[in-house]
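*Asks:* This is the content of protein_14.txt (compact mmCIF, C-alpha atoms):
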```txt
# COMPACT_ATOMS: atom_id res chain seq x y z
CA MET G 84 27.89 11.19 -8.10
CA GLU G 85 28.84 12.85 -4.80
CA TYR G 86 29.01 11.14 -1.43
CA ILE G 87 28.42 13.20 1.71
CA ASP G 88 28.96 12.21 5.34
CA ARG G 89 25.56 11.93 7.03
CA GLU G 90 26.74 13.56 10.26
CA ASN G 91 27.54 16.80 8.44
CA SER G 92 24.49 16.98 6.21
CA ASP G 93 20.77 17.57 6.65
CA ILE G 94 19.50 14.69 4.57
CA GLY G 95 16.02 13.95 5.86
CA LYS G 96 14.60 10.86 7.52
CA LEU G 97 15.61 7.25 7.28
CA TYR G 98 13.14 5.14 5.35
CA LYS G 99 12.60 1.62 6.71
CA GLY G 100 15.49 -0.55 7.72
CA SER G 101 18.50 -1.69 5.81
CA PHE G 102 18.59 -3.38 2.41
CA ALA G 103 20.84 -5.95 0.85
CA LYS G 104 22.34 -4.70 -2.39
CA LYS G 105 19.87 -6.40 -4.77
CA ASN G 106 16.82 -5.33 -2.77
CA PHE G 107 18.16 -1.82 -2.41
CA GLU G 108 18.65 -1.41 -6.15
CA GLU G 109 15.10 -2.62 -6.83
CA GLU G 110 13.61 -0.34 -4.17
CA TYR G 111 15.66 2.63 -5.29
CA GLU G 112 14.56 2.25 -8.90
CA LEU G 113 10.93 1.98 -7.84
CA LEU G 114 11.20 5.16 -5.78
CA LYS G 115 12.76 7.03 -8.68
CA LYS G 116 9.88 5.79 -10.84
CA ILE G 117 7.41 7.11 -8.27
CA ASP G 118 9.22 10.46 -8.23
CA ASN G 119 8.62 10.69 -11.98
CA ILE G 120 4.93 9.86 -11.54
CA ASP G 121 4.52 12.28 -8.63
CA PRO G 122 7.18 14.98 -9.13
CA ASP G 123 5.45 17.45 -6.79
CA SER G 124 5.00 14.90 -3.98
CA GLU G 125 1.24 15.26 -4.00
CA PHE G 126 0.64 11.74 -2.67
CA THR G 127 4.15 10.41 -1.99
CA VAL G 128 7.20 11.63 -0.09
CA LYS G 129 10.17 12.99 -2.01
CA LEU G 130 13.16 10.68 -2.37
CA LYS G 131 16.29 12.51 -1.24
CA GLY G 132 18.91 9.85 -1.60
CA ALA G 133 20.32 6.70 -0.07
CA LEU G 134 22.64 5.96 2.80
CA ILE G 135 25.46 3.61 2.01
CA LEU G 136 26.89 2.00 5.13
CA LYS G 137 30.43 0.67 5.00
CA GLN G 138 32.82 -0.08 7.86
CA SER G 139 30.65 1.94 10.28
CA LYS G 140 30.97 5.09 8.16
CA ILE G 141 27.68 6.40 6.79
CA LEU G 142 27.73 8.01 3.38
CA GLN G 143 24.95 9.53 1.32
CA GLU G 144 24.32 9.23 -2.37
CA THR G 145 22.66 12.53 -3.22
CA LEU G 146 20.17 13.07 -5.99
CA ALA G 147 21.61 16.51 -6.69
CA SER G 148 22.81 17.38 -10.17
CA LYS G 149 26.43 17.66 -8.99
CA THR G 150 28.92 15.31 -10.60
CA CYS G 151 31.83 13.52 -9.04
CA ASN G 152 35.24 13.20 -10.70
CA THR G 153 36.23 10.10 -8.78
CA GLU G 154 35.60 6.58 -9.96
CA ASN G 155 33.55 5.73 -6.85
CA SER G 156 30.23 4.03 -7.45
CA ILE G 157 27.76 1.88 -5.59
CA ILE G 158 29.42 -1.19 -7.07
CA ASN G 159 32.96 -0.07 -6.20
CA LEU G 160 32.09 0.81 -2.59
CA LYS G 161 30.83 -2.72 -1.89
CA PRO G 162 28.88 -1.57 1.18
CA LYS G 163 27.36 -3.92 3.73
CA TYR G 164 23.89 -2.49 3.32
CA TYR G 165 21.90 0.54 2.25
CA GLU G 166 19.14 2.71 3.65
CA ILE G 167 16.70 4.89 1.74
CA ILE G 168 16.39 8.57 2.67
CA LEU G 169 13.16 10.51 2.31
CA ALA G 170 12.47 14.20 2.72
CA ASP G 171 11.28 15.19 6.19
CA ALA G 172 7.61 14.32 6.45
CA GLY G 173 4.87 13.58 8.97
CA TYR G 174 3.85 10.62 11.09
CA ASP G 175 2.69 7.22 10.01
CA LEU G 176 -0.87 6.29 10.91
CA SER G 177 0.21 3.79 13.54
CA LYS G 178 1.05 6.79 15.75
CA ASN G 179 -1.84 8.91 17.00
CA ASN G 180 -0.01 12.16 17.62
CA PHE G 181 -2.72 14.73 17.02
CA TYR G 182 -6.39 15.21 16.21
CA ILE G 183 -8.12 16.06 12.97
CA ASN G 184 -11.70 17.09 12.30
CA PHE G 185 -14.07 15.24 9.98
CA ASN G 186 -13.51 17.68 7.11
CA GLU G 187 -9.76 17.10 7.36
CA PHE G 188 -10.41 13.35 7.47
CA LEU G 189 -12.31 13.59 4.18
CA HIS G 190 -9.71 15.72 2.39
CA ALA G 191 -6.76 13.68 3.68
CA PHE G 192 -8.32 10.39 2.66
CA LYS G 193 -9.34 11.82 -0.71
CA ASN G 194 -5.72 12.78 -1.34
CA LEU G 195 -4.63 9.18 -0.72
CA VAL G 196 -7.37 7.86 -3.02
CA LYS G 197 -6.35 10.37 -5.69
CA GLY G 198 -2.81 9.05 -5.45
CA MET G 199 -4.00 5.48 -5.88
CA ILE G 200 -5.91 6.56 -8.98
CA LYS G 201 -2.65 7.95 -10.30
CA LEU G 202 -0.93 4.62 -9.66
CA GLN G 203 -3.67 2.78 -11.53
CA GLU G 204 -3.38 5.19 -14.43
CA ASN G 205 0.26 4.13 -14.61
CA ASN G 206 -0.71 0.43 -14.45
CA LEU G 207 0.70 0.03 -10.93
CA VAL G 208 -0.49 -1.62 -7.71
CA HIS G 209 1.15 -0.73 -4.37
CA ARG G 210 0.54 -4.14 -2.71
CA ASP G 211 1.64 -3.01 0.75
CA ILE G 212 -0.83 -0.39 1.94
CA LYS G 213 -1.06 -0.41 5.74
CA PRO G 214 -0.97 2.22 8.52
CA ILE G 215 2.83 2.33 8.84
CA ASN G 216 3.14 2.91 5.08
CA VAL G 217 0.83 5.91 5.05
CA LEU G 218 2.15 9.20 6.38
CA ILE G 219 -0.14 11.93 7.63
CA ILE G 220 1.33 15.31 6.74
CA ASP G 221 0.01 18.48 8.34
CA LYS G 222 1.88 21.23 6.47
CA PRO G 223 0.71 23.21 4.61
CA ILE G 224 -2.48 21.10 4.70
CA ILE G 225 -3.54 17.80 6.23
CA LYS G 226 -3.04 15.00 3.72
CA LEU G 227 -2.08 11.34 3.48
CA ASN G 228 0.96 10.27 1.47
CA LEU G 229 2.15 6.79 0.53
CA ILE G 230 5.61 5.39 1.21
CA ASP G 231 7.31 1.99 0.85
CA PHE G 232 6.88 0.90 -2.76
CA GLY G 233 9.09 -2.16 -2.45
CA LEU G 234 6.25 -4.57 -3.28
CA MET G 235 4.73 -2.43 -6.03
CA CYS G 236 4.16 -4.21 -9.31
CA ASN G 237 2.51 -3.80 -12.68
CA MET G 238 -1.21 -4.50 -12.73
CA ASP G 239 -0.86 -7.64 -14.83
CA ASP G 240 1.66 -9.12 -12.37
CA VAL G 241 -0.66 -9.12 -9.36
CA PHE G 242 -2.06 -12.56 -10.27
CA ASN G 243 0.75 -13.65 -12.59
CA LYS G 244 1.10 -17.39 -11.98
CA ASN G 245 4.43 -17.42 -13.83
CA ASN G 246 5.99 -14.86 -11.49
CA ASP G 247 7.51 -16.31 -8.31
CA ASN G 248 7.28 -13.00 -6.49
CA SER G 249 3.60 -12.68 -7.33
CA ILE G 250 2.88 -16.21 -6.11
CA GLU G 251 4.74 -15.44 -2.88
CA ARG G 252 2.51 -12.38 -2.32
CA LEU G 253 -0.62 -14.47 -2.90
CA LYS G 254 0.59 -17.09 -0.45
CA HIS G 255 1.36 -14.41 2.12
CA SER G 256 -2.36 -13.62 2.34
CA PHE G 257 -2.80 -16.60 4.68
CA ILE G 258 -1.03 -14.65 7.44
CA TYR G 259 -1.19 -11.03 6.29
CA LYS G 260 -4.46 -9.33 7.19
CA TYR G 261 -4.03 -6.44 4.75
CA TYR G 262 -4.31 -8.74 1.73
CA PRO G 263 -7.79 -9.43 0.30
CA PRO G 264 -9.44 -12.88 0.15
CA GLU G 265 -8.98 -13.11 -3.62
CA PHE G 266 -5.21 -13.34 -3.02
CA ALA G 267 -5.66 -16.48 -0.93
CA ILE G 268 -8.21 -17.98 -3.31
CA ALA G 269 -5.95 -17.35 -6.31
CA PHE G 270 -3.08 -19.08 -4.51
CA ILE G 271 -5.34 -22.01 -3.61
CA PHE G 272 -6.31 -22.59 -7.25
CA LEU G 273 -2.64 -22.79 -8.18
CA GLN G 274 -2.17 -25.71 -5.77
CA TYR G 275 -3.66 -29.14 -5.14
CA ASN G 276 -6.16 -30.05 -2.41
CA TYR G 277 -8.24 -26.92 -2.95
CA ASP G 278 -10.77 -27.58 -0.20
CA LYS G 279 -8.16 -28.46 2.42
CA LEU G 280 -6.21 -25.28 1.73
CA PHE G 281 -9.38 -23.21 1.73
CA ASN G 282 -10.40 -24.61 5.12
CA ASN G 283 -6.94 -23.66 6.41
CA TYR G 284 -7.53 -20.14 5.13
CA LEU G 285 -10.91 -19.98 6.91
CA GLU G 286 -9.17 -20.91 10.14
CA GLN G 287 -6.71 -18.09 9.58
CA LEU G 288 -9.58 -15.65 9.07
CA LYS G 289 -11.00 -16.68 12.43
CA LYS G 290 -7.62 -16.01 14.02
CA MET G 291 -7.74 -12.58 12.38
CA LYS G 292 -11.09 -12.14 14.20
CA LYS G 293 -13.19 -11.85 11.06
CA ASP G 294 -16.90 -12.14 11.82
CA ASP G 295 -19.29 -14.82 10.52
CA ASN G 296 -20.74 -12.55 7.85
CA PHE G 297 -17.28 -11.86 6.42
CA ILE G 298 -16.35 -15.54 6.45
CA ASN G 299 -19.64 -16.56 4.82
CA ASN G 300 -19.05 -14.05 2.03
CA VAL G 301 -15.56 -15.48 1.50
CA LYS G 302 -17.10 -18.96 1.24
CA LYS G 303 -19.55 -17.67 -1.34
CA LEU G 304 -16.73 -16.09 -3.35
CA TYR G 305 -14.79 -19.36 -3.25
CA ASP G 306 -17.84 -21.35 -4.37
CA ASP G 307 -18.54 -18.90 -7.22
CA ILE G 308 -14.95 -19.08 -8.47
CA THR G 309 -14.93 -22.87 -8.09
CA GLN G 310 -18.02 -23.06 -10.28
CA LYS G 311 -16.40 -20.85 -12.90
CA ILE G 312 -13.27 -23.03 -12.92
CA ASN G 313 -15.38 -26.19 -13.21
CA THR G 314 -17.35 -24.78 -16.15
CA GLY G 315 -14.28 -23.92 -18.21
CA SER G 316 -13.12 -20.46 -17.09
CA THR G 317 -9.35 -20.11 -16.99
CA PHE G 318 -7.31 -18.77 -14.09
CA GLU G 319 -6.33 -15.76 -16.20
CA ASN G 320 -9.93 -14.95 -17.10
CA ILE G 321 -11.00 -14.92 -13.46
CA PHE G 322 -8.01 -13.31 -11.79
CA ASN G 323 -7.65 -10.51 -14.30
CA ILE G 324 -6.62 -6.85 -14.30
CA GLU G 325 -10.09 -5.68 -13.28
CA MET G 326 -9.81 -7.79 -10.14
CA ALA G 327 -6.24 -6.58 -9.59
CA LYS G 328 -7.51 -2.99 -9.50
CA LYS G 329 -9.62 -3.81 -6.44
CA THR G 330 -6.87 -5.40 -4.33
CA ASP G 331 -5.31 -2.25 -2.84
CA ILE G 332 -8.77 -0.93 -2.01
CA TYR G 333 -9.29 -3.72 0.52
CA ALA G 334 -6.27 -2.48 2.50
CA LEU G 335 -7.78 1.01 2.61
CA SER G 336 -10.31 -0.24 5.17
CA TYR G 337 -7.45 -0.48 7.69
CA ILE G 338 -6.36 3.05 6.81
CA ILE G 339 -9.91 4.26 7.45
CA ASN G 340 -9.91 2.63 10.88
CA SER G 341 -6.57 4.21 11.79
CA LEU G 342 -7.50 7.62 10.44
CA LYS G 343 -10.82 7.77 12.27
CA GLU G 344 -8.95 7.34 15.57
CA LEU G 345 -7.53 10.83 14.99
CA ILE G 346 -11.04 12.30 15.03
CA PRO G 347 -12.10 13.38 18.56
CA ILE G 348 -14.47 10.91 20.21
CA TYR G 349 -17.32 13.40 20.49
CA ASP G 350 -17.20 13.90 16.69
CA ARG G 351 -17.02 10.18 16.02
CA LYS G 352 -20.24 9.76 17.98
CA ASN G 353 -22.05 12.06 15.57
CA LEU G 354 -24.47 9.75 13.76
CA ASP G 355 -23.85 11.21 10.31
CA ILE G 356 -20.06 11.01 10.67
CA LYS G 357 -20.21 7.53 12.18
CA ASN G 358 -22.47 6.20 9.43
CA PHE G 359 -20.37 7.67 6.63
CA ILE G 360 -17.09 6.30 8.01
CA ASN G 361 -18.72 2.89 8.49
CA GLN G 362 -19.96 3.05 4.90
CA LEU G 363 -16.45 3.80 3.64
CA TYR G 364 -15.05 0.93 5.68
CA ASP G 365 -17.68 -1.59 4.59
CA ARG G 366 -17.38 -0.70 0.89
CA CYS G 367 -13.58 -1.10 1.01
CA HIS G 368 -13.50 -4.15 3.30
CA ASP G 369 -15.96 -6.10 1.17
CA PRO G 370 -14.41 -9.59 0.85
CA ASN G 371 -15.87 -9.95 -2.65
CA PRO G 372 -13.85 -8.03 -5.26
CA TYR G 373 -16.79 -8.07 -7.67
CA SER G 374 -18.92 -5.95 -5.31
CA ARG G 375 -16.09 -4.04 -3.61
CA ILE G 376 -16.09 -0.34 -4.43
CA SER G 377 -13.77 0.80 -7.22
CA ILE G 378 -11.18 3.49 -6.64
CA ASN G 379 -13.02 5.97 -8.87
CA GLU G 380 -16.33 5.29 -7.10
CA LEU G 381 -14.59 5.84 -3.77
CA TYR G 382 -13.21 9.17 -4.95
CA GLN G 383 -16.66 10.27 -6.12
CA LEU G 384 -18.20 9.25 -2.79
CA LEU G 385 -15.70 11.42 -0.93
CA GLU G 386 -16.22 14.32 -3.32
CA GLN G 387 -19.98 14.17 -2.81
CA LYS G 388 -19.61 14.22 0.97
CA ILE G 389 -17.15 17.11 0.88
CA ASN G 390 -19.53 19.11 -1.31
CA LEU G 391 -22.43 18.44 1.07
CA ILE G 392 -20.65 19.85 4.10
CA LYS G 393 -19.14 22.92 2.46
```
Could you render the structure as structure tokens?

*Replies:*
Amino acid sequence: MEYIDRENSDIGKLYKGSFAKKNFEEEYELLKKIDNIDPDSEFTVKLKGALILKQSKILQETLASKTCNTENSIINLKPKYYEIILADAGYDLSKNNFYINFNEFLHAFKNLVKGMIKLQENNLVHRDIKPINVLIIDKPIIKLNLIDFGLMCNMDDVFNKNNDNSIERLKHSFIYKYYPPEFAIAFIFLQYNYDKLFNNYLEQLKKMKKDDNFINNVKKLYDDITQKINTGSTFENIFNIEMAKKTDIYALSYIINSLKELIPIYDRKNLDIKNFINQLYDRCHDPNPYSRISINELYQLLEQKINLIK
């Protein structure tokens, strides 16, 4: 393995902040896994390597096929922290740097949805989809690519009550607006004082500025699941893989809102465009996972719209 000084090498863009050794190794392995799933970077950004910072000197671990004759390794270097390097890419959706038309909106969003289908086919859930983790790339075509797979997990670990990391993610839904209501409800049913915790969650939803209709639908979901629990359904039967498949879709509603801001205002006022984007948002932001659109249905909806405006 060869180490190259960052100052003398074109190595791409820094990815996130710094990692402690354990977190870096986990993240790095996940990114290599993603590179195997998406070797042509159709919906992700190519992993180029990792910075290893030690005593103020920045070194790069390259992914090239070159070998190194020295005995140096990540373990031997004992660096203070690491940083992931990605290939040069576009802007994250939290930055409105240019405009796109509605047709580009459709194709870009479809590319992201296609990537999520690929993740599901590999039994994976991203678990951290949000505007800063979605890059808009404009060369050679406009498309959306995912980054930051540090919270990605297997489908059957999303609601795994025996996995501390999974429980922590469920708990995080009380303060993290990108997580769907079923995360909070699953966490609640792993604790005591169900109703008290649920009322706390409702207060958090109000702080997130969710409207009455949304909150009422969350209450209905909670009541329905409570009834199932009381009539003998197990936690595993309710919070199953089919429900896990819907969790990332909820976060897509925030991507839709960010992406539509790149469409010029005069286009957004077009009734057909406005209604379709609102439909996409509502179907993804549905607080009930049982009625929330599936990823394949979402892809088909986009395909149909693209075909209509050809």

*Asks:* Can you pull out every residue within 6 Å of stretch 226-232 of chain G, counting all atoms listed in the file, but drop anything in the same chain fewer than 4 positions away, and send it as a PyMOL selection string?

*Replies:* chain G and resi 126-127+191+195+216-220

*Asks:* Counting all atoms listed in the file, which residue out of G:Glu251, G:Asn320, G:Ile392, G:Lys328 sits closest to G:Glu204?

*Replies:*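 Distance minimum relative to G:Glu204 lands on G:Lys328.
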
*Asks:* Separation of atom CA of G:Tyr111 and atom CA of G:Arg252, in Å?

*Replies:*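 Atom-to-atom, atom CA of G:Tyr111 to atom CA of G:Arg252, that is 20.2 Å.
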
*Asks:* What's the separation between atom CA of G:Ile308 and atom CA of G:Val208, in Å to one decimal place?

*Replies:*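 Between these atoms lies a distance of 22.7 Å.
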
*Asks:* Between G:Val196, G:Ile360, G:Ile389, G:Ile348, single out the one closest to G:Tyr182, counting all atoms listed in the file.

*Replies:*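 Among G:Val196, G:Ile360, G:Ile389, G:Ile348, it is G:Ile348 that comes nearest to G:Tyr182.
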
*Asks:* Separation of atom CA of G:Gly315 and atom CA of G:Glu265, in Å?

*Replies:*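 Going from atom CA of G:Gly315 over to atom CA of G:Glu265 covers 18.9 Å.
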
*Asks:* Using only C-alpha atoms for the distances, tell me which of G:Asn206, G:Ser374, G:Asn323, G:Asn237 is nearest to G:Phe266.

*Replies:*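 Counting only C-alpha atoms, the residue closest to G:Phe266 is G:Asn323.
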
*Asks:* May I have the residues at most 10 Å from (-8.1, -9.6, 2.8) in the file's coordinates, counting only C-alpha atoms, as a list in words?

*Replies:* Ser256, Phe257, Ile258, Tyr259, Lys260, Tyr261, Tyr262, Pro263, Pro264, Glu265, Phe266, Ala267, Leu288, Lys293, Val301, Thr330, Asp331, Ile332, Tyr333, Ala334, Ser336, His368, Asp369, Pro370 and Asn371 of chain G

*Asks:* Which of these, G:Leu234, G:Glu108, G:Ser377, G:Asn186, has the shortest distance to G:Glu325 once you count only C-alpha atoms?

*Replies:*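 Among G:Leu234, G:Glu108, G:Ser377, G:Asn186, it is G:Ser377 that comes nearest to G:Glu325.
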
*Asks:* Please return stretch 225-236 of chain G, rebuilt to N, CA and C atoms, as a short mmCIF file (atom, residue, chain, number, x, y, z; two decimals), in the frame of the given file.

*Replies:*
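Wrote it out as result38.cif, contents follow:
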```cif
data_model
loop_
_atom_site.label_atom_id
_atom_site.label_comp_id
_atom_site.auth_asym_id
_atom_site.auth_seq_id
_atom_site.Cartn_x
_atom_site.Cartn_y
_atom_site.Cartn_z
N ILE G 225 -3.47 19.19 5.82
CA ILE G 225 -3.54 17.80 6.23
C ILE G 225 -3.74 16.92 5.00
N LYS G 226 -2.88 15.94 4.83
CA LYS G 226 -3.04 15.00 3.72
C LYS G 226 -2.36 13.68 4.06
N LEU G 227 -2.69 12.65 3.31
CA LEU G 227 -2.08 11.34 3.48
C LEU G 227 -1.20 11.03 2.28
N ASN G 228 0.03 10.62 2.54
CA ASN G 228 0.96 10.27 1.47
C ASN G 228 1.47 8.85 1.64
N LEU G 229 1.66 8.17 0.53
CA LEU G 229 2.15 6.79 0.53
C LEU G 229 3.67 6.73 0.59
N ILE G 230 4.18 5.72 1.28
CA ILE G 230 5.61 5.39 1.21
C ILE G 230 5.74 3.87 1.02
N ASP G 231 6.96 3.41 0.94
CA ASP G 231 7.31 1.99 0.85
C ASP G 231 6.69 1.32 -0.38
N PHE G 232 7.36 1.47 -1.49
CA PHE G 232 6.88 0.90 -2.76
C PHE G 232 7.65 -0.36 -3.16
N GLY G 233 8.26 -0.99 -2.15
CA GLY G 233 9.09 -2.16 -2.45
C GLY G 233 8.35 -3.35 -3.01
N LEU G 234 7.03 -3.45 -2.75
CA LEU G 234 6.25 -4.57 -3.28
C LEU G 234 5.38 -4.15 -4.46
N MET G 235 5.52 -2.92 -4.90
CA MET G 235 4.73 -2.43 -6.03
C MET G 235 5.02 -3.25 -7.28
N CYS G 236 3.98 -3.44 -8.07
CA CYS G 236 4.16 -4.21 -9.31
C CYS G 236 3.21 -3.69 -10.38
#
```
